[in-house]
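Below is target-v2.pdb, holding PDB, C-alpha atoms.
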```
ATOM      1  CA  MET A  16      82.051  40.604 103.941  1.00  0.00           C
ATOM      2  CA  THR A  17      83.178  41.550 100.453  1.00  0.00           C
ATOM      3  CA  ASP A  18      86.686  40.589  99.430  1.00  0.00           C
ATOM      4  CA  TRP A  19      88.403  43.758  98.359  1.00  0.00           C
ATOM      5  CA  THR A  20      91.288  43.737  95.898  1.00  0.00           C
ATOM      6  CA  TRP A  21      93.827  46.336  94.911  1.00  0.00           C
ATOM      7  CA  GLU A  22      95.509  47.485  91.725  1.00  0.00           C
ATOM      8  CA  TYR A  23      97.848  50.160  90.455  1.00  0.00           C
ATOM      9  CA  LEU A  24      96.309  53.146  88.709  1.00  0.00           C
ATOM     10  CA  PRO A  25      97.162  53.843  85.944  1.00  0.00           C
ATOM     11  CA  ASP A  26      99.583  50.862  85.983  1.00  0.00           C
ATOM     12  CA  ALA A  27     102.564  49.399  87.834  1.00  0.00           C
ATOM     13  CA  GLU A  28     105.123  51.066  85.569  1.00  0.00           C
ATOM     14  CA  GLN A  29     103.714  54.530  86.271  1.00  0.00           C
ATOM     15  CA  VAL A  30     103.351  53.988  90.037  1.00  0.00           C
ATOM     16  CA  VAL A  31     106.307  51.825  91.108  1.00  0.00           C
ATOM     17  CA  GLY A  32     108.475  51.693  87.994  1.00  0.00           C
ATOM     18  CA  GLY A  33     112.116  52.219  88.855  1.00  0.00           C
ATOM     19  CA  LEU A  34     111.808  51.182  92.502  1.00  0.00           C
ATOM     20  CA  ASP A  35     113.865  48.303  93.870  1.00  0.00           C
ATOM     21  CA  PRO A  36     112.047  44.935  93.823  1.00  0.00           C
ATOM     22  CA  GLU A  37     112.103  44.826  97.646  1.00  0.00           C
ATOM     23  CA  VAL A  38     110.361  48.202  97.842  1.00  0.00           C
ATOM     24  CA  LYS A  39     107.791  47.092  95.265  1.00  0.00           C
ATOM     25  CA  GLN A  40     107.082  43.999  97.414  1.00  0.00           C
ATOM     26  CA  ASP A  41     106.610  46.264 100.443  1.00  0.00           C
ATOM     27  CA  VAL A  42     104.158  48.402  98.451  1.00  0.00           C
ATOM     28  CA  GLU A  43     102.204  45.322  97.376  1.00  0.00           C
ATOM     29  CA  ARG A  44     102.039  43.951 100.929  1.00  0.00           C
ATOM     30  CA  LEU A  45     100.826  47.319 102.161  1.00  0.00           C
ATOM     31  CA  ALA A  46      98.244  47.534  99.357  1.00  0.00           C
ATOM     32  CA  GLY A  47      96.919  44.108 100.349  1.00  0.00           C
ATOM     33  CA  ARG A  48      96.563  45.263 103.948  1.00  0.00           C
ATOM     34  CA  LEU A  49      94.774  48.419 102.824  1.00  0.00           C
ATOM     35  CA  ALA A  50      92.326  46.293 100.822  1.00  0.00           C
ATOM     36  CA  ASP A  51      91.769  44.022 103.847  1.00  0.00           C
ATOM     37  CA  ALA A  52      91.105  47.063 106.032  1.00  0.00           C
ATOM     38  CA  ALA A  53      88.632  48.473 103.512  1.00  0.00           C
ATOM     39  CA  SER A  54      86.729  45.174 103.460  1.00  0.00           C
ATOM     40  CA  VAL A  55      86.179  45.482 107.220  1.00  0.00           C
ATOM     41  CA  ARG A  56      85.468  49.218 107.209  1.00  0.00           C
ATOM     42  CA  HIS A  57      82.939  49.090 104.339  1.00  0.00           C
ATOM     43  CA  LEU A  58      80.461  46.324 105.122  1.00  0.00           C
ATOM     44  CA  GLY A  59      77.487  45.820 102.818  1.00  0.00           C
ATOM     45  CA  ASP A  60      76.516  47.667  99.677  1.00  0.00           C
ATOM     46  CA  PRO A  61      77.231  51.397  99.683  1.00  0.00           C
ATOM     47  CA  ARG A  62      74.495  53.969  99.387  1.00  0.00           C
ATOM     48  CA  ILE A  63      74.398  55.479  95.896  1.00  0.00           C
ATOM     49  CA  GLU A  64      76.029  58.715  97.072  1.00  0.00           C
ATOM     50  CA  GLU A  65      78.919  56.694  98.588  1.00  0.00           C
ATOM     51  CA  SER A  66      79.413  54.255  95.715  1.00  0.00           C
ATOM     52  CA  GLY A  67      82.121  56.118  93.828  1.00  0.00           C
ATOM     53  CA  VAL A  68      85.814  56.696  94.382  1.00  0.00           C
ATOM     54  CA  SER A  69      86.969  58.151  97.700  1.00  0.00           C
ATOM     55  CA  ARG A  70      89.082  61.238  98.073  1.00  0.00           C
ATOM     56  CA  LEU A  71      92.826  60.681  97.900  1.00  0.00           C
ATOM     57  CA  LEU A  72      94.022  58.906 101.050  1.00  0.00           C
ATOM     58  CA  ASP A  73      97.549  58.191 102.264  1.00  0.00           C
ATOM     59  CA  HIS A  74      99.293  55.774 104.562  1.00  0.00           C
ATOM     60  CA  ALA A  75     102.920  55.875 105.657  1.00  0.00           C
ATOM     61  CA  GLU A  76     105.112  53.192 107.202  1.00  0.00           C
ATOM     62  CA  GLY A  77     108.788  53.738 107.839  1.00  0.00           C
ATOM     63  CA  ARG A  78     110.347  55.181 104.692  1.00  0.00           C
ATOM     64  CA  LEU A  79     107.335  54.386 102.503  1.00  0.00           C
ATOM     65  CA  ILE A  80     104.209  56.430 101.798  1.00  0.00           C
ATOM     66  CA  VAL A  81     101.368  55.259  99.575  1.00  0.00           C
ATOM     67  CA  TRP A  82      98.593  57.439  98.179  1.00  0.00           C
ATOM     68  CA  TYR A  83      95.440  55.539  97.286  1.00  0.00           C
ATOM     69  CA  GLN A  84      91.720  55.726  96.656  1.00  0.00           C
ATOM     70  CA  GLU A  85      88.942  53.309  97.612  1.00  0.00           C
ATOM     71  CA  HIS A  86      86.195  52.474  95.134  1.00  0.00           C
ATOM     72  CA  ARG A  87      83.319  51.087  97.206  1.00  0.00           C
ATOM     73  CA  ARG A  88      81.119  49.843  94.368  1.00  0.00           C
ATOM     74  CA  LEU A  89      83.984  47.906  92.770  1.00  0.00           C
ATOM     75  CA  ALA A  90      85.525  46.946  96.157  1.00  0.00           C
ATOM     76  CA  VAL A  91      88.994  47.888  94.993  1.00  0.00           C
ATOM     77  CA  VAL A  92      91.818  50.021  96.359  1.00  0.00           C
ATOM     78  CA  PHE A  93      93.644  51.988  93.664  1.00  0.00           C
ATOM     79  CA  VAL A  94      97.306  52.645  94.495  1.00  0.00           C
ATOM     80  CA  VAL A  95      98.040  55.861  92.606  1.00  0.00           C
ATOM     81  CA  ARG A  96     101.369  57.100  93.944  1.00  0.00           C
ATOM     82  CA  VAL A  97     104.276  55.809  96.013  1.00  0.00           C
ATOM     83  CA  GLN A  98     107.231  57.562  97.595  1.00  0.00           C
ATOM     84  CA  HIS A  99     110.163  55.735  99.173  1.00  0.00           C
ATOM     85  CA  TRP A 100     113.060  57.407 100.926  1.00  0.00           C
ATOM     86  CA  PRO A 101     116.258  55.306 100.891  1.00  0.00           C
ATOM     87  CA  ALA A 102     118.192  54.821 104.086  1.00  0.00           C
ATOM     88  CA  ASP A 103     120.933  57.322 104.713  1.00  0.00           C
ATOM     89  CA  PRO A 104     124.320  55.917 103.708  1.00  0.00           C
ATOM     90  CA  LEU A 105     126.763  55.180 106.501  1.00  0.00           C
ATOM     91  CA  PRO A 106     129.499  57.810 106.945  1.00  0.00           C
TER
END
```
Entire entry expressed as structure tokens:
Amino acid sequence: MTDWTWEYLPDAEQVVGGLDPEVKQDVERLAGRLADAASVRHLGDPRIEESGVSRLLDHAEGRLIVWYQEHRRLAVVFVVRVQHWPADPLP
């Protein structure tokens, strides 16, 4: 099994800049889980036609949604966009 990693694309400032540190930690935990899932889903070397970057994928949990791509040849998940909806304030 290949150990997959993850990274922000283009960079952390563009993807999660301005979010609360707690939300950024949630994004990073989720990105790690996405990389772990990809390492199980994509066993072995990809065929040449499957070795590039995947289509844009998304995963949502609670108030957080992450858009990402998987690069099979590099064994990396690229986190490209994040949206977080804050909790509604109490009346």
**Report entry** Distance of atom CA of Val95 of chain A from atom CA of Ala52 of chain A, expressed in Å to one decimal place
**Finding:** 17.5 Å
Requested in this report: Kindly extract all protein, DNA and RNA residues lying within 12 Å of the coordinates (99.3, 54.5, 103.4) given in the file, considering all atoms listed in the file, and supply them as a PyMOL selection string.
Outcome: chain A and resi 41-50+52+71-85+92-99
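For the pair atom CA of Asp26 of chain A and atom CA of Ser69 of chain A, the interatomic distance is 18.7 Å.
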Query raised in the report: How many Å separate atom CA of Asp51 of chain A from atom CA of Tyr23 of chain A?
Result: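 Here the two named atoms are 15.9 Å from each other.
Among the candidates A:Val68, A:Val38, A:Ala53, A:Val30, the residue lying nearest to Pro101 of chain A is A:Val38 (atoms considered: all atoms listed in the file).
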Query raised in the report: When distances are computed from only C-alpha atoms, which of A:Val91, A:Lys39, A:His57, A:Arg70 shows the smallest separation from Ala27 of chain A?
Result: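 Nearest candidate to Ala27 of chain A out of A:Val91, A:Lys39, A:His57, A:Arg70: A:Lys39.
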Requested in this report: May I ask which of the residues A:Gly33, A:Ser54, A:Arg88, A:Trp100 is the closest one to Thr20 of chain A, counting only C-alpha atoms?
Outcome: A:Ser54
Query raised in the report: A:Val31, A:Glu37, A:Ala90, A:Arg56: which is nearest Trp19 of chain A, counting only C-alpha atoms?
Result: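 Of all the options, A:Ala90 lies closest to Trp19 of chain A.
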Where is the centre and how long are the edges: axis-aligned box on segment 78-92 of chain A, 5 Å on each side, Å to one decimal, as JSON:
```
{"center_x": 95.7, "center_y": 52.2, "center_z": 98.7, "size_x": 39.2, "size_y": 20.5, "size_z": 21.9}
```
Kindly write C-alpha atoms of chain A from the structure just given to a file, as a compact mmCIF listing (two decimals), in the first residue's frame.
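Now in part_26.txt:
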```
# COMPACT_ATOMS: atom_id res chain seq x y z
CA MET A 16 0.00 0.00 0.00
CA THR A 17 1.29 3.43 -0.95
CA ASP A 18 1.22 6.12 1.70
CA TRP A 19 -0.75 8.99 0.28
CA THR A 20 -0.22 12.56 1.45
CA TRP A 21 -2.20 15.72 0.98
CA GLU A 22 -1.46 19.38 0.34
CA TYR A 23 -3.23 22.63 -0.39
CA LEU A 24 -3.36 23.78 -4.00
CA PRO A 25 -2.29 26.45 -4.74
CA ASP A 26 -1.36 27.06 -1.06
CA ALA A 27 -2.83 27.27 2.44
CA GLU A 28 -3.37 31.03 2.27
CA GLN A 29 -5.50 30.73 -0.87
CA VAL A 30 -7.52 27.74 0.37
CA VAL A 31 -8.01 28.25 4.12
CA GLY A 32 -6.69 31.76 4.71
CA GLY A 33 -9.01 33.72 6.96
CA LEU A 34 -10.66 30.68 8.55
CA ASP A 35 -10.54 30.17 12.31
CA PRO A 36 -7.66 27.94 13.48
CA GLU A 37 -10.16 25.32 14.71
CA VAL A 38 -11.76 25.12 11.26
CA LYS A 39 -8.34 24.85 9.62
CA GLN A 40 -7.53 21.93 11.96
CA ASP A 41 -10.81 20.27 10.95
CA VAL A 42 -9.89 20.71 7.27
CA GLU A 43 -6.45 19.19 7.85
CA ARG A 44 -7.89 16.21 9.75
CA LEU A 45 -10.38 15.64 6.95
CA ALA A 46 -7.64 15.95 4.31
CA GLY A 47 -5.61 13.31 6.14
CA ARG A 48 -8.61 10.97 6.15
CA LEU A 49 -9.17 11.58 2.45
CA ALA A 50 -5.53 10.68 1.76
CA ASP A 51 -5.89 7.51 3.88
CA ALA A 52 -9.02 6.55 1.95
CA ALA A 53 -7.28 7.11 -1.38
CA SER A 54 -4.40 4.85 -0.31
CA VAL A 55 -6.89 2.01 0.21
CA ARG A 56 -8.99 2.75 -2.88
CA HIS A 57 -6.01 3.02 -5.27
CA LEU A 58 -3.81 -0.02 -4.70
CA GLY A 59 -0.80 -0.55 -6.95
CA ASP A 60 0.50 1.56 -9.80
CA PRO A 61 -2.16 3.22 -11.95
CA ARG A 62 -2.53 2.45 -15.62
CA ILE A 63 -1.13 5.27 -17.76
CA GLU A 64 -4.60 6.56 -18.64
CA GLU A 65 -5.45 6.76 -14.90
CA SER A 66 -2.18 8.28 -13.70
CA GLY A 67 -3.15 11.94 -13.80
CA VAL A 68 -5.33 14.16 -11.65
CA SER A 69 -8.91 13.10 -10.95
CA ARG A 70 -11.95 15.21 -11.64
CA LEU A 71 -12.93 17.60 -8.87
CA LEU A 72 -14.37 15.66 -5.92
CA ASP A 73 -16.09 16.90 -2.78
CA HIS A 74 -16.76 15.69 0.72
CA ALA A 75 -18.97 17.35 3.33
CA GLU A 76 -19.14 16.86 7.08
CA GLY A 77 -21.34 19.01 9.27
CA ARG A 78 -20.77 22.64 8.35
CA LEU A 79 -17.63 21.92 6.32
CA ILE A 80 -17.25 21.01 2.65
CA VAL A 81 -13.92 20.31 0.97
CA TRP A 82 -13.29 20.15 -2.76
CA TYR A 83 -10.27 18.09 -3.74
CA GLN A 84 -8.52 16.15 -6.47
CA GLU A 85 -6.54 12.91 -6.30
CA HIS A 86 -3.29 12.54 -8.22
CA ARG A 87 -2.67 8.80 -8.51
CA ARG A 88 0.87 8.91 -9.89
CA LEU A 89 2.05 11.26 -7.13
CA ALA A 90 -0.20 9.64 -4.47
CA VAL A 91 -1.37 13.00 -3.22
CA VAL A 92 -4.73 14.60 -2.49
CA PHE A 93 -4.89 18.27 -3.47
CA VAL A 94 -7.29 20.30 -1.31
CA VAL A 95 -8.36 23.10 -3.64
CA ARG A 96 -11.33 24.76 -1.96
CA VAL A 97 -13.02 24.83 1.44
CA GLN A 98 -16.34 26.23 2.59
CA HIS A 99 -17.37 26.49 6.23
CA TRP A 100 -20.73 27.71 7.45
CA PRO A 101 -20.61 29.16 10.99
CA ALA A 102 -23.18 28.07 13.52
CA ASP A 103 -26.25 30.24 13.73
CA PRO A 104 -26.01 32.69 16.62
CA LEU A 105 -28.35 32.14 19.54
CA PRO A 106 -31.38 34.46 19.60
```
